[in-house]
$ cat query_15.cif   # mmCIF, C-alpha atoms and all ligand atoms
data_protein
#
loop_
_atom_site.group_PDB
_atom_site.id
_atom_site.type_symbol
_atom_site.label_atom_id
_atom_site.label_comp_id
_atom_site.auth_asym_id
_atom_site.auth_seq_id
_atom_site.Cartn_x
_atom_site.Cartn_y
_atom_site.Cartn_z
ATOM 1 C CA MET A 19 86.797 -69.666 -2.685
ATOM 2 C CA ILE A 20 83.347 -71.242 -2.699
ATOM 3 C CA SER A 21 81.591 -72.902 -5.603
ATOM 4 C CA PRO A 22 79.309 -70.230 -6.993
ATOM 5 C CA PRO A 23 75.531 -70.659 -6.678
ATOM 6 C CA LYS A 24 73.243 -71.232 -9.675
ATOM 7 C CA TYR A 25 71.674 -67.773 -9.247
ATOM 8 C CA THR A 26 73.012 -64.274 -9.792
ATOM 9 C CA LEU A 27 72.678 -61.077 -7.827
ATOM 10 C CA ASP A 28 70.143 -59.811 -10.395
ATOM 11 C CA LYS A 29 68.011 -62.894 -9.838
ATOM 12 C CA ILE A 30 67.934 -62.220 -6.079
ATOM 13 C CA ARG A 31 67.369 -58.499 -6.607
ATOM 14 C CA PHE A 32 64.475 -58.804 -9.047
ATOM 15 C CA ALA A 33 62.784 -61.794 -7.441
ATOM 16 C CA THR A 34 62.710 -60.453 -3.869
ATOM 17 C CA ASP A 35 60.279 -57.843 -2.638
ATOM 18 C CA GLN A 36 61.906 -54.456 -2.181
ATOM 19 C CA PRO A 37 61.835 -54.127 1.658
ATOM 20 C CA THR A 38 63.197 -57.644 2.196
ATOM 21 C CA PHE A 39 65.979 -57.138 -0.337
ATOM 22 C CA GLU A 40 67.023 -53.790 1.088
ATOM 23 C CA LYS A 41 67.056 -55.113 4.665
ATOM 24 C CA ALA A 42 69.143 -58.071 3.501
ATOM 25 C CA VAL A 43 71.625 -55.701 1.843
ATOM 26 C CA GLU A 44 71.894 -53.834 5.134
ATOM 27 C CA LEU A 45 72.622 -57.049 7.053
ATOM 28 C CA TYR A 46 75.206 -58.056 4.463
ATOM 29 C CA GLU A 47 76.949 -54.690 4.395
ATOM 30 C CA ASN A 48 77.050 -54.427 8.159
ATOM 31 C CA GLY A 49 78.866 -57.725 8.440
ATOM 32 C CA LYS A 50 75.938 -59.502 10.068
ATOM 33 C CA VAL A 51 76.460 -62.630 7.967
ATOM 34 C CA THR A 52 79.011 -64.578 10.004
ATOM 35 C CA GLN A 53 80.483 -68.082 9.912
ATOM 36 C CA PHE A 54 79.577 -68.408 6.220
ATOM 37 C CA GLN A 55 80.298 -71.929 5.010
ATOM 38 C CA GLU A 56 79.755 -73.983 1.935
ATOM 39 C CA GLU A 57 77.869 -77.208 2.589
ATOM 40 C CA ILE A 58 76.824 -79.907 0.118
ATOM 41 C CA SER A 59 74.907 -77.942 -2.563
ATOM 42 C CA SER A 60 73.981 -75.291 -0.011
ATOM 43 C CA TYR A 61 75.469 -72.581 2.199
ATOM 44 C CA SER A 62 75.141 -72.009 5.892
ATOM 45 C CA ALA A 63 75.794 -68.998 8.085
ATOM 46 C CA MET A 64 74.947 -67.407 11.384
ATOM 47 C CA VAL A 65 73.117 -64.145 10.693
ATOM 48 C CA VAL A 66 73.110 -61.696 13.561
ATOM 49 C CA GLY A 67 69.692 -60.042 13.631
ATOM 50 C CA THR A 68 67.766 -59.206 16.801
ATOM 51 C CA LYS A 69 69.418 -62.451 17.836
ATOM 52 C CA PRO A 70 71.699 -64.840 15.959
ATOM 53 C CA TYR A 71 69.877 -67.028 13.457
ATOM 54 C CA ARG A 72 71.177 -70.226 11.910
ATOM 55 C CA VAL A 73 70.484 -69.995 8.162
ATOM 56 C CA PHE A 74 70.744 -72.433 5.262
ATOM 57 C CA VAL A 75 70.268 -71.473 1.610
ATOM 58 C CA GLU A 76 70.392 -73.841 -1.329
ATOM 59 C CA ALA A 77 72.912 -73.371 -4.117
ATOM 60 C CA ARG A 78 70.372 -74.040 -6.886
ATOM 61 C CA GLN A 79 67.639 -71.642 -5.733
ATOM 62 C CA PHE A 80 68.132 -68.683 -3.415
ATOM 63 C CA ASN A 81 64.626 -68.831 -1.949
ATOM 64 C CA LEU A 82 64.901 -72.447 -0.827
ATOM 65 C CA GLY A 83 66.461 -73.070 2.530
ATOM 66 C CA HIS A 84 65.815 -72.578 6.182
ATOM 67 C CA CYS A 85 66.115 -69.935 8.861
ATOM 68 C CA ASP A 86 65.130 -70.290 12.489
ATOM 69 C CA CYS A 87 63.561 -66.810 12.708
ATOM 70 C CA TYR A 88 59.772 -66.480 12.895
ATOM 71 C CA LEU A 89 59.284 -66.001 9.124
ATOM 72 C CA GLY A 90 61.736 -68.729 8.189
ATOM 73 C CA GLN A 91 59.962 -71.197 10.445
ATOM 74 C CA ASN A 92 56.790 -70.409 8.544
ATOM 75 C CA ASP A 93 58.405 -71.093 5.176
ATOM 76 C CA THR A 94 58.504 -67.421 4.229
ATOM 77 C CA LEU A 95 61.548 -65.968 2.545
ATOM 78 C CA CYS A 96 63.223 -63.781 5.183
ATOM 79 C CA LYS A 97 65.928 -61.113 5.035
ATOM 80 C CA HIS A 98 68.393 -63.503 6.715
ATOM 81 C CA MET A 99 68.146 -66.044 3.902
ATOM 82 C CA VAL A 100 68.431 -63.327 1.283
ATOM 83 C CA ALA A 101 71.514 -61.920 3.081
ATOM 84 C CA VAL A 102 73.183 -65.350 2.972
ATOM 85 C CA ALA A 103 72.290 -65.721 -0.729
ATOM 86 C CA ILE A 104 73.885 -62.321 -1.394
ATOM 87 C CA TYR A 105 76.982 -63.453 0.484
ATOM 88 C CA ALA A 106 77.149 -66.562 -1.701
ATOM 89 C CA VAL A 107 76.981 -64.670 -5.016
ATOM 90 C CA GLN A 108 79.305 -61.891 -3.890
ATOM 91 C CA ASP A 109 81.718 -64.239 -2.122
ATOM 92 C CA GLY A 110 81.836 -61.647 0.649
ATOM 93 C CA LYS A 111 82.859 -58.788 -1.677
ATOM 94 C CA PRO A 112 81.187 -55.343 -1.488
ATOM 95 C CA LEU A 113 78.096 -54.574 -3.584
ATOM 96 C CA ALA A 114 78.108 -51.968 -6.357
ATOM 97 C CA SER A 115 75.868 -49.055 -5.418
ATOM 98 C CA GLU A 116 73.501 -49.632 -8.370
ATOM 99 C CA ASP A 117 72.944 -53.196 -7.169
ATOM 100 C CA LYS A 118 71.715 -52.251 -3.723
ATOM 101 C CA HIS A 119 68.232 -51.124 -4.661
ATOM 102 C CA VAL A 120 65.250 -52.663 -6.345
ATOM 103 C CA ILE A 121 63.501 -50.416 -8.817
ATOM 104 C CA SER A 122 59.941 -51.629 -8.528
ATOM 105 C CA THR A 123 58.206 -48.967 -10.611
ATOM 106 C CA PRO A 124 59.135 -47.581 -14.028
ATOM 107 C CA ILE A 125 60.782 -44.192 -13.551
ATOM 108 C CA CYS A 126 61.821 -41.633 -16.132
ATOM 109 C CA SER A 127 65.571 -41.041 -16.392
ATOM 110 C CA GLY A 128 64.874 -37.379 -17.269
ATOM 111 C CA ARG A 129 67.769 -37.518 -19.723
ATOM 112 C CA LEU A 130 67.083 -36.682 -23.377
ATOM 113 C CA GLY A 131 68.702 -38.810 -26.052
ATOM 114 C CA GLU A 132 68.530 -41.854 -28.271
ATOM 115 C CA LEU A 133 69.935 -45.340 -28.025
ATOM 116 C CA SER A 134 72.650 -46.411 -30.460
ATOM 117 C CA LYS A 135 71.855 -49.267 -32.824
ATOM 118 C CA GLU A 136 73.661 -51.710 -30.522
ATOM 119 C CA GLU A 137 71.986 -50.373 -27.382
ATOM 120 C CA LEU A 138 68.599 -50.577 -29.073
ATOM 121 C CA ALA A 139 69.169 -54.210 -30.027
ATOM 122 C CA ALA A 140 70.373 -55.044 -26.496
ATOM 123 C CA THR A 141 67.359 -53.308 -24.942
ATOM 124 C CA LYS A 142 64.924 -55.188 -27.191
ATOM 125 C CA LYS A 143 66.591 -58.422 -26.108
ATOM 126 C CA ALA A 144 66.312 -57.438 -22.428
ATOM 127 C CA ILE A 145 62.599 -56.677 -22.893
ATOM 128 C CA THR A 146 61.985 -60.041 -24.535
ATOM 129 C CA ALA A 147 63.888 -61.798 -21.735
ATOM 130 C CA ALA A 148 61.940 -59.978 -19.010
ATOM 131 C CA LEU A 149 58.611 -60.682 -20.754
ATOM 132 C CA GLN A 150 59.264 -64.410 -20.367
ATOM 133 C CA TYR A 151 58.632 -64.041 -16.636
ATOM 134 C CA ILE A 152 55.150 -62.781 -17.478
ATOM 135 C CA LYS A 153 53.780 -66.116 -18.557
ATOM 136 C CA PRO A 154 50.414 -67.863 -18.683
ATOM 137 C CA TYR A 155 49.153 -69.494 -15.522
ATOM 138 C CA ASP A 156 48.212 -73.127 -15.806
ATOM 139 C CA GLY A 157 49.378 -74.589 -12.537
ATOM 140 C CA PRO A 158 47.620 -75.761 -9.397
ATOM 141 C CA SER A 159 46.827 -73.246 -6.690
ATOM 142 C CA ARG A 160 49.778 -74.314 -4.551
ATOM 143 C CA ILE A 161 52.176 -72.667 -6.990
ATOM 144 C CA TRP A 162 50.082 -69.512 -7.150
ATOM 145 C CA PHE A 163 52.546 -67.523 -5.034
ATOM 146 C CA ALA A 164 55.509 -68.656 -7.103
ATOM 147 C CA TYR A 165 53.549 -67.585 -10.170
ATOM 148 C CA GLN A 166 52.783 -64.135 -8.732
ATOM 149 C CA ASN A 167 56.477 -63.781 -7.861
ATOM 150 C CA SER A 168 57.366 -64.504 -11.450
ATOM 151 C CA LEU A 169 55.060 -61.706 -12.641
ATOM 152 C CA SER A 170 56.654 -59.286 -10.140
ATOM 153 C CA GLU A 171 60.115 -60.375 -11.186
ATOM 154 C CA GLY A 172 59.277 -59.646 -14.832
ATOM 155 C CA CYS A 173 57.890 -56.213 -13.953
ATOM 156 C CA ASN A 174 60.919 -55.433 -11.737
ATOM 157 C CA ARG A 175 63.264 -56.386 -14.557
ATOM 158 C CA LEU A 176 61.325 -54.182 -16.969
ATOM 159 C CA SER A 177 61.302 -51.293 -14.461
ATOM 160 C CA ALA A 178 65.079 -51.450 -14.049
ATOM 161 C CA MET A 179 65.505 -51.462 -17.820
ATOM 162 C CA VAL A 180 63.101 -48.524 -18.293
ATOM 163 C CA ALA A 181 64.884 -46.431 -15.637
ATOM 164 C CA GLY A 182 68.069 -46.575 -17.703
ATOM 165 C CA LEU A 183 66.505 -45.320 -20.947
ATOM 166 C CA PRO A 184 67.084 -41.855 -22.377
ATOM 167 C CA VAL A 185 63.960 -39.934 -23.413
ATOM 168 C CA SER A 186 63.128 -39.568 -27.120
ATOM 169 C CA GLU A 187 60.584 -40.519 -29.757
ATOM 170 C CA GLN A 188 62.735 -43.598 -30.369
ATOM 171 C CA THR A 189 62.560 -44.913 -26.798
ATOM 172 C CA ALA A 190 58.895 -43.876 -26.486
ATOM 173 C CA GLY A 191 58.215 -46.091 -29.523
ATOM 174 C CA LEU A 192 60.104 -48.941 -27.902
ATOM 175 C CA LEU A 193 58.009 -48.606 -24.746
ATOM 176 C CA VAL A 194 54.734 -48.404 -26.683
ATOM 177 C CA ASN A 195 55.649 -51.725 -28.318
ATOM 178 C CA MET A 196 56.505 -53.179 -24.913
ATOM 179 C CA LEU A 197 53.090 -52.099 -23.584
ATOM 180 C CA LEU A 198 51.326 -53.662 -26.565
ATOM 181 C CA ARG A 199 53.144 -56.942 -25.958
ATOM 182 C CA LEU A 200 52.135 -56.870 -22.279
ATOM 183 C CA ASP A 201 48.575 -56.029 -23.277
ATOM 184 C CA LYS A 202 48.451 -59.023 -25.586
ATOM 185 C CA LYS A 203 49.672 -61.257 -22.769
ATOM 186 C CA LEU A 204 46.944 -59.925 -20.473
ATOM 187 C CA CYS A 205 44.114 -60.068 -23.031
ATOM 188 C CA THR A 206 44.790 -63.304 -24.846
ATOM 189 C CA GLY A 207 48.013 -64.782 -23.446
ATOM 190 C CA GLY A 208 46.546 -66.523 -20.411
ATOM 191 C CA VAL A 209 48.346 -64.343 -17.871
ATOM 192 C CA ASP A 210 46.421 -64.323 -14.610
ATOM 193 C CA ASP A 211 46.996 -60.856 -13.257
ATOM 194 C CA SER A 212 44.379 -60.921 -10.509
ATOM 195 C CA ASP A 213 46.836 -59.186 -8.153
ATOM 196 C CA GLY A 214 47.104 -56.331 -10.672
ATOM 197 C CA THR A 215 50.913 -56.474 -10.867
ATOM 198 C CA VAL A 216 51.139 -56.264 -14.634
ATOM 199 C CA GLY A 217 48.180 -53.897 -15.001
ATOM 200 C CA GLY A 218 49.782 -51.606 -12.417
ATOM 201 C CA PHE A 219 53.072 -51.671 -14.273
ATOM 202 C CA ILE A 220 51.281 -50.739 -17.530
ATOM 203 C CA LYS A 221 49.507 -47.802 -15.859
ATOM 204 C CA GLU A 222 52.733 -46.540 -14.286
ATOM 205 C CA THR A 223 54.542 -46.774 -17.597
ATOM 206 C CA VAL A 224 51.761 -44.755 -19.253
ATOM 207 C CA GLN A 225 52.167 -42.076 -16.556
ATOM 208 C CA MET A 226 55.886 -42.088 -17.199
ATOM 209 C CA LEU A 227 55.331 -41.710 -20.946
ATOM 210 C CA LYS A 228 53.307 -38.566 -20.211
ATOM 211 C CA GLU A 229 56.498 -37.254 -18.606
ATOM 212 C CA TYR A 230 58.422 -38.249 -21.720
ATOM 213 C CA GLU A 231 56.029 -36.131 -23.766
ATOM 214 C CA LYS A 232 56.582 -33.119 -21.500
ATOM 215 C CA LEU A 233 60.346 -33.459 -21.876
ATOM 216 C CA ASP A 234 60.194 -34.057 -25.638
ATOM 217 C CA PRO A 235 56.887 -33.323 -27.418
ATOM 218 C CA ALA A 236 58.019 -35.461 -30.395
ATOM 219 C CA CYS A 237 57.283 -38.527 -28.223
ATOM 220 C CA ALA A 238 53.574 -37.979 -28.935
ATOM 221 C CA LYS A 239 54.218 -39.226 -32.495
ATOM 222 C CA ALA A 240 55.156 -42.623 -31.068
ATOM 223 C CA PHE A 241 51.817 -42.763 -29.234
ATOM 224 C CA GLN A 242 49.871 -42.547 -32.519
ATOM 225 C CA LYS A 243 50.466 -46.248 -32.982
ATOM 226 C CA LEU A 244 47.913 -46.778 -30.201
ATOM 227 C CA LYS A 245 45.126 -45.035 -32.116
ATOM 228 C CA GLY A 246 42.185 -47.320 -32.790
ATOM 229 C CA LYS A 247 43.692 -50.185 -30.751
ATOM 230 C CA GLU A 248 41.388 -52.184 -28.478
ATOM 231 C CA THR A 249 43.410 -52.649 -25.320
ATOM 232 C CA CYS A 250 42.364 -54.762 -22.367
ATOM 233 C CA PHE A 251 41.521 -51.914 -20.008
ATOM 234 C CA GLY A 252 41.792 -48.710 -22.004
ATOM 235 C CA TRP A 253 45.197 -47.843 -20.547
ATOM 236 C CA GLU A 254 46.250 -46.054 -23.737
ATOM 237 C CA GLU A 255 43.669 -43.268 -23.393
ATOM 238 C CA PRO A 256 45.862 -40.814 -21.397
ATOM 239 C CA LEU A 257 48.439 -40.960 -24.186
ATOM 240 C CA LEU A 258 45.960 -40.061 -26.913
ATOM 241 C CA GLY A 259 44.049 -37.376 -25.038
HETATM 242 ZN ZN ZN A 301 65.223 -65.434 9.014
#

$ encode --input "query_15.cif" --output "structure tokens"
Amino acid sequence: MISPPKYTLDKIRFATDQPTFEKAVELYENGKVTQFQEEISSYSAMVVGTKPYRVFVEARQFNLGHCDCYLGQNDTLCKHMVAVAIYAVQDGKPLASEDKHVISTPICSGRLGELSKEELAATKKAITAALQYIKPYDGPSRIWFAYQNSLSEGCNRLSAMVAGLPVSEQTAGLLVNMLLRLDKKLCTGGVDDSDGTVGGFIKETVQMLKEYEKLDPACAKAFQKLKGKETCFGWEEPLLG
């Protein structure tokens, strides 16, 4: 038994870019993380990639540590570090299949239905929690990348939540409200989306809502809330056309 890290698998999954996470999962599942050991507030292992790499990952933050591969030496989060972080949270146990992939764009479940009262309340909570990652930027430029990662993490968390939703006027209404909250953050909330992460997520969600409408025409009623709204880049137009 090791002392568990301060992060969870979801944290690693949503805060890592998709290719790096999926390559790390592959390393982990193929037993490439060897000699795993707990150190003082960190973990160490030998990860067998193209050659064996000595890897350290901190227990308080999965993206802090060291790896002697090319990326690691340049202070870039590499698949070896992520694989060791996964080992630490899983304690060497297998991953559930739904935890192996990052959903980085909102996709339609294609399943008609409504959420129960409890599910609806839980989903609203999850949206609010994910929206906290999409926060105003007020830091110096050296934390710019950390800030951009936070925006991506928020959008990844929202995408994973959206993918699990059934399609109905009810969930369409929920998503319209989510878009309006994101819009407010972009227009007046001080979010610096110059990489277009949040804007891209909004556009993709709008495309997905068009699919909702095809599956259940009643969804269009939920879009009426957008009538006459001034949004930051006119993203609502496809839903009202
Ligand atoms: Zn590495």

$ resolve_selection --input "query_15.cif" --expression "the PyMOL selection byres (((chain A and resi 62) around 9) and not hetatm)" --output "VMD selection string"
chain A and resid 53 to 57 60 to 61 63 to 64 72 to 76 102

$ atom_distance --input "query_15.cif" --atom1 "atom CA of A:Lys24" --atom2 "atom CA of A:Ala77"
6.0 Å

$ resolve_selection --input "query_15.cif" --expression "the PyMOL selection byres (((not hetatm)) within 9 of (chain A and resi 301))" --output "list of chain:residue names"
A:Val65, A:Gly67, A:Tyr71, A:Arg72, A:Val73, A:His84, A:Cys85, A:Asp86, A:Cys87, A:Tyr88, A:Leu89, A:Gly90, A:Gln91, A:Thr94, A:Leu95, A:Cys96, A:Lys97, A:His98, A:Met99, A:Val100

$ write_last_selection --input "query_15.cif" --atoms "C-alpha atoms" --output "mmCIF file, keeping the file's coordinate frame"
data_model
loop_
_atom_site.group_PDB
_atom_site.id
_atom_site.type_symbol
_atom_site.label_atom_id
_atom_site.label_comp_id
_atom_site.auth_asym_id
_atom_site.auth_seq_id
_atom_site.Cartn_x
_atom_site.Cartn_y
_atom_site.Cartn_z
ATOM 1 C CA VAL A 65 73.117 -64.145 10.693
ATOM 2 C CA GLY A 67 69.692 -60.042 13.631
ATOM 3 C CA TYR A 71 69.877 -67.028 13.457
ATOM 4 C CA ARG A 72 71.177 -70.226 11.910
ATOM 5 C CA VAL A 73 70.484 -69.995 8.162
ATOM 6 C CA HIS A 84 65.815 -72.578 6.182
ATOM 7 C CA CYS A 85 66.115 -69.935 8.861
ATOM 8 C CA ASP A 86 65.130 -70.290 12.489
ATOM 9 C CA CYS A 87 63.561 -66.810 12.708
ATOM 10 C CA TYR A 88 59.772 -66.480 12.895
ATOM 11 C CA LEU A 89 59.284 -66.001 9.124
ATOM 12 C CA GLY A 90 61.736 -68.729 8.189
ATOM 13 C CA GLN A 91 59.962 -71.197 10.445
ATOM 14 C CA THR A 94 58.504 -67.421 4.229
ATOM 15 C CA LEU A 95 61.548 -65.968 2.545
ATOM 16 C CA CYS A 96 63.223 -63.781 5.183
ATOM 17 C CA LYS A 97 65.928 -61.113 5.035
ATOM 18 C CA HIS A 98 68.393 -63.503 6.715
ATOM 19 C CA MET A 99 68.146 -66.044 3.902
ATOM 20 C CA VAL A 100 68.431 -63.327 1.283
#

$ resolve_selection --input "query_15.cif" --expression "the PyMOL selection byres (((chain A and resi 180-182) around 10) and not hetatm)" --output "count of residues only"
23

$ closest_residue --input "query_15.cif" --among "A:Gln166, A:Ser122, A:Thr34, A:Thr68" --to "A:Asp211" --atoms "all atoms listed in the file"
A:Gln166

$ residues_around --input "query_15.cif" --residues "A:Cys237" --least-positions-apart "6" --cutoff "9 Å" --atoms "only C-alpha atoms" --output "PyMOL selection string"
chain A and resi 185-191+227-228+230-231

$ write_last_selection --input "query_15.cif" --atoms "C-alpha atoms" --output "mmCIF file, in the frame of the given file"
data_model
loop_
_atom_site.group_PDB
_atom_site.id
_atom_site.type_symbol
_atom_site.label_atom_id
_atom_site.label_comp_id
_atom_site.auth_asym_id
_atom_site.auth_seq_id
_atom_site.Cartn_x
_atom_site.Cartn_y
_atom_site.Cartn_z
ATOM 1 C CA VAL A 185 63.960 -39.934 -23.413
ATOM 2 C CA SER A 186 63.128 -39.568 -27.120
ATOM 3 C CA GLU A 187 60.584 -40.519 -29.757
ATOM 4 C CA GLN A 188 62.735 -43.598 -30.369
ATOM 5 C CA THR A 189 62.560 -44.913 -26.798
ATOM 6 C CA ALA A 190 58.895 -43.876 -26.486
ATOM 7 C CA GLY A 191 58.215 -46.091 -29.523
ATOM 8 C CA LEU A 227 55.331 -41.710 -20.946
ATOM 9 C CA LYS A 228 53.307 -38.566 -20.211
ATOM 10 C CA TYR A 230 58.422 -38.249 -21.720
ATOM 11 C CA GLU A 231 56.029 -36.131 -23.766
#

$ atom_distance --input "query_15.cif" --atom1 "atom CA of A:Phe39" --atom2 "atom CA of A:Leu138"
29.6 Å

$ build_atoms --input "query_15.cif" --residues "stretch 194-224 of chain A" --atoms "N, CA and C atoms" --output "mmCIF file, keeping the file's coordinate frame"
data_model
loop_
_atom_site.group_PDB
_atom_site.id
_atom_site.type_symbol
_atom_site.label_atom_id
_atom_site.label_comp_id
_atom_site.auth_asym_id
_atom_site.auth_seq_id
_atom_site.Cartn_x
_atom_site.Cartn_y
_atom_site.Cartn_z
ATOM 1 N N VAL A 194 56.092 -48.158 -26.188
ATOM 2 C CA VAL A 194 54.734 -48.404 -26.683
ATOM 3 C C VAL A 194 54.633 -49.860 -27.166
ATOM 4 N N ASN A 195 55.650 -50.318 -27.869
ATOM 5 C CA ASN A 195 55.649 -51.725 -28.318
ATOM 6 C C ASN A 195 55.666 -52.686 -27.147
ATOM 7 N N MET A 196 56.446 -52.336 -26.111
ATOM 8 C CA MET A 196 56.505 -53.179 -24.913
ATOM 9 C C MET A 196 55.115 -53.260 -24.270
ATOM 10 N N LEU A 197 54.431 -52.110 -24.190
ATOM 11 C CA LEU A 197 53.090 -52.099 -23.584
ATOM 12 C C LEU A 197 52.119 -52.949 -24.394
ATOM 13 N N LEU A 198 52.230 -52.870 -25.721
ATOM 14 C CA LEU A 198 51.326 -53.662 -26.565
ATOM 15 C C LEU A 198 51.580 -55.161 -26.383
ATOM 16 N N ARG A 199 52.838 -55.523 -26.195
ATOM 17 C CA ARG A 199 53.144 -56.942 -25.958
ATOM 18 C C ARG A 199 52.581 -57.396 -24.609
ATOM 19 N N LEU A 200 52.701 -56.537 -23.592
ATOM 20 C CA LEU A 200 52.135 -56.870 -22.279
ATOM 21 C C LEU A 200 50.621 -56.973 -22.368
ATOM 22 N N ASP A 201 50.024 -56.049 -23.121
ATOM 23 C CA ASP A 201 48.575 -56.029 -23.277
ATOM 24 C C ASP A 201 48.087 -57.340 -23.906
ATOM 25 N N LYS A 202 48.815 -57.776 -24.907
ATOM 26 C CA LYS A 202 48.451 -59.023 -25.586
ATOM 27 C C LYS A 202 48.507 -60.191 -24.602
ATOM 28 N N LYS A 203 49.548 -60.190 -23.760
ATOM 29 C CA LYS A 203 49.672 -61.257 -22.769
ATOM 30 C C LYS A 203 48.483 -61.241 -21.803
ATOM 31 N N LEU A 204 48.062 -60.037 -21.415
ATOM 32 C CA LEU A 204 46.944 -59.925 -20.473
ATOM 33 C C LEU A 204 45.628 -60.319 -21.127
ATOM 34 N N CYS A 205 45.416 -59.843 -22.376
ATOM 35 C CA CYS A 205 44.114 -60.068 -23.031
ATOM 36 C C CYS A 205 43.953 -61.496 -23.508
ATOM 37 N N THR A 206 44.964 -62.013 -24.189
ATOM 38 C CA THR A 206 44.790 -63.304 -24.846
ATOM 39 C C THR A 206 45.884 -64.304 -24.501
ATOM 40 N N GLY A 207 46.860 -63.903 -23.696
ATOM 41 C CA GLY A 207 48.013 -64.782 -23.446
ATOM 42 C C GLY A 207 47.890 -65.664 -22.229
ATOM 43 N N GLY A 208 46.730 -65.637 -21.552
ATOM 44 C CA GLY A 208 46.546 -66.523 -20.411
ATOM 45 C C GLY A 208 47.252 -66.096 -19.138
ATOM 46 N N VAL A 209 47.714 -64.834 -19.103
ATOM 47 C CA VAL A 209 48.346 -64.343 -17.871
ATOM 48 C C VAL A 209 47.248 -64.051 -16.854
ATOM 49 N N ASP A 210 47.404 -64.578 -15.657
ATOM 50 C CA ASP A 210 46.421 -64.323 -14.610
ATOM 51 C C ASP A 210 46.940 -63.214 -13.702
ATOM 52 N N ASP A 211 46.489 -62.013 -13.990
ATOM 53 C CA ASP A 211 46.996 -60.856 -13.257
ATOM 54 C C ASP A 211 45.996 -60.410 -12.195
ATOM 55 N N SER A 212 45.418 -61.352 -11.466
ATOM 56 C CA SER A 212 44.379 -60.921 -10.509
ATOM 57 C C SER A 212 44.939 -60.057 -9.381
ATOM 58 N N ASP A 213 46.244 -60.100 -9.138
ATOM 59 C CA ASP A 213 46.836 -59.186 -8.153
ATOM 60 C C ASP A 213 47.102 -57.792 -8.732
ATOM 61 N N GLY A 214 46.930 -57.640 -10.048
ATOM 62 C CA GLY A 214 47.104 -56.331 -10.672
ATOM 63 C C GLY A 214 48.551 -55.892 -10.846
ATOM 64 N N THR A 215 49.490 -56.832 -10.741
ATOM 65 C CA THR A 215 50.913 -56.474 -10.867
ATOM 66 C C THR A 215 51.233 -55.926 -12.257
ATOM 67 N N VAL A 216 50.801 -56.656 -13.269
ATOM 68 C CA VAL A 216 51.139 -56.264 -14.634
ATOM 69 C C VAL A 216 50.326 -55.038 -15.050
ATOM 70 N N GLY A 217 49.035 -55.052 -14.702
ATOM 71 C CA GLY A 217 48.180 -53.897 -15.001
ATOM 72 C C GLY A 217 48.738 -52.627 -14.354
ATOM 73 N N GLY A 218 49.195 -52.754 -13.128
ATOM 74 C CA GLY A 218 49.782 -51.606 -12.417
ATOM 75 C C GLY A 218 51.036 -51.110 -13.109
ATOM 76 N N PHE A 219 51.848 -52.040 -13.561
ATOM 77 C CA PHE A 219 53.072 -51.671 -14.273
ATOM 78 C C PHE A 219 52.722 -50.919 -15.570
ATOM 79 N N ILE A 220 51.699 -51.401 -16.280
ATOM 80 C CA ILE A 220 51.281 -50.739 -17.530
ATOM 81 C C ILE A 220 50.841 -49.302 -17.230
ATOM 82 N N LYS A 221 50.002 -49.143 -16.202
ATOM 83 C CA LYS A 221 49.507 -47.802 -15.859
ATOM 84 C C LYS A 221 50.643 -46.859 -15.481
ATOM 85 N N GLU A 222 51.602 -47.371 -14.703
ATOM 86 C CA GLU A 222 52.733 -46.540 -14.286
ATOM 87 C C GLU A 222 53.613 -46.154 -15.474
ATOM 88 N N THR A 223 53.738 -47.087 -16.410
ATOM 89 C CA THR A 223 54.542 -46.774 -17.597
ATOM 90 C C THR A 223 53.849 -45.701 -18.439
ATOM 91 N N VAL A 224 52.519 -45.778 -18.521
ATOM 92 C CA VAL A 224 51.761 -44.755 -19.253
ATOM 93 C C VAL A 224 51.977 -43.378 -18.605
#
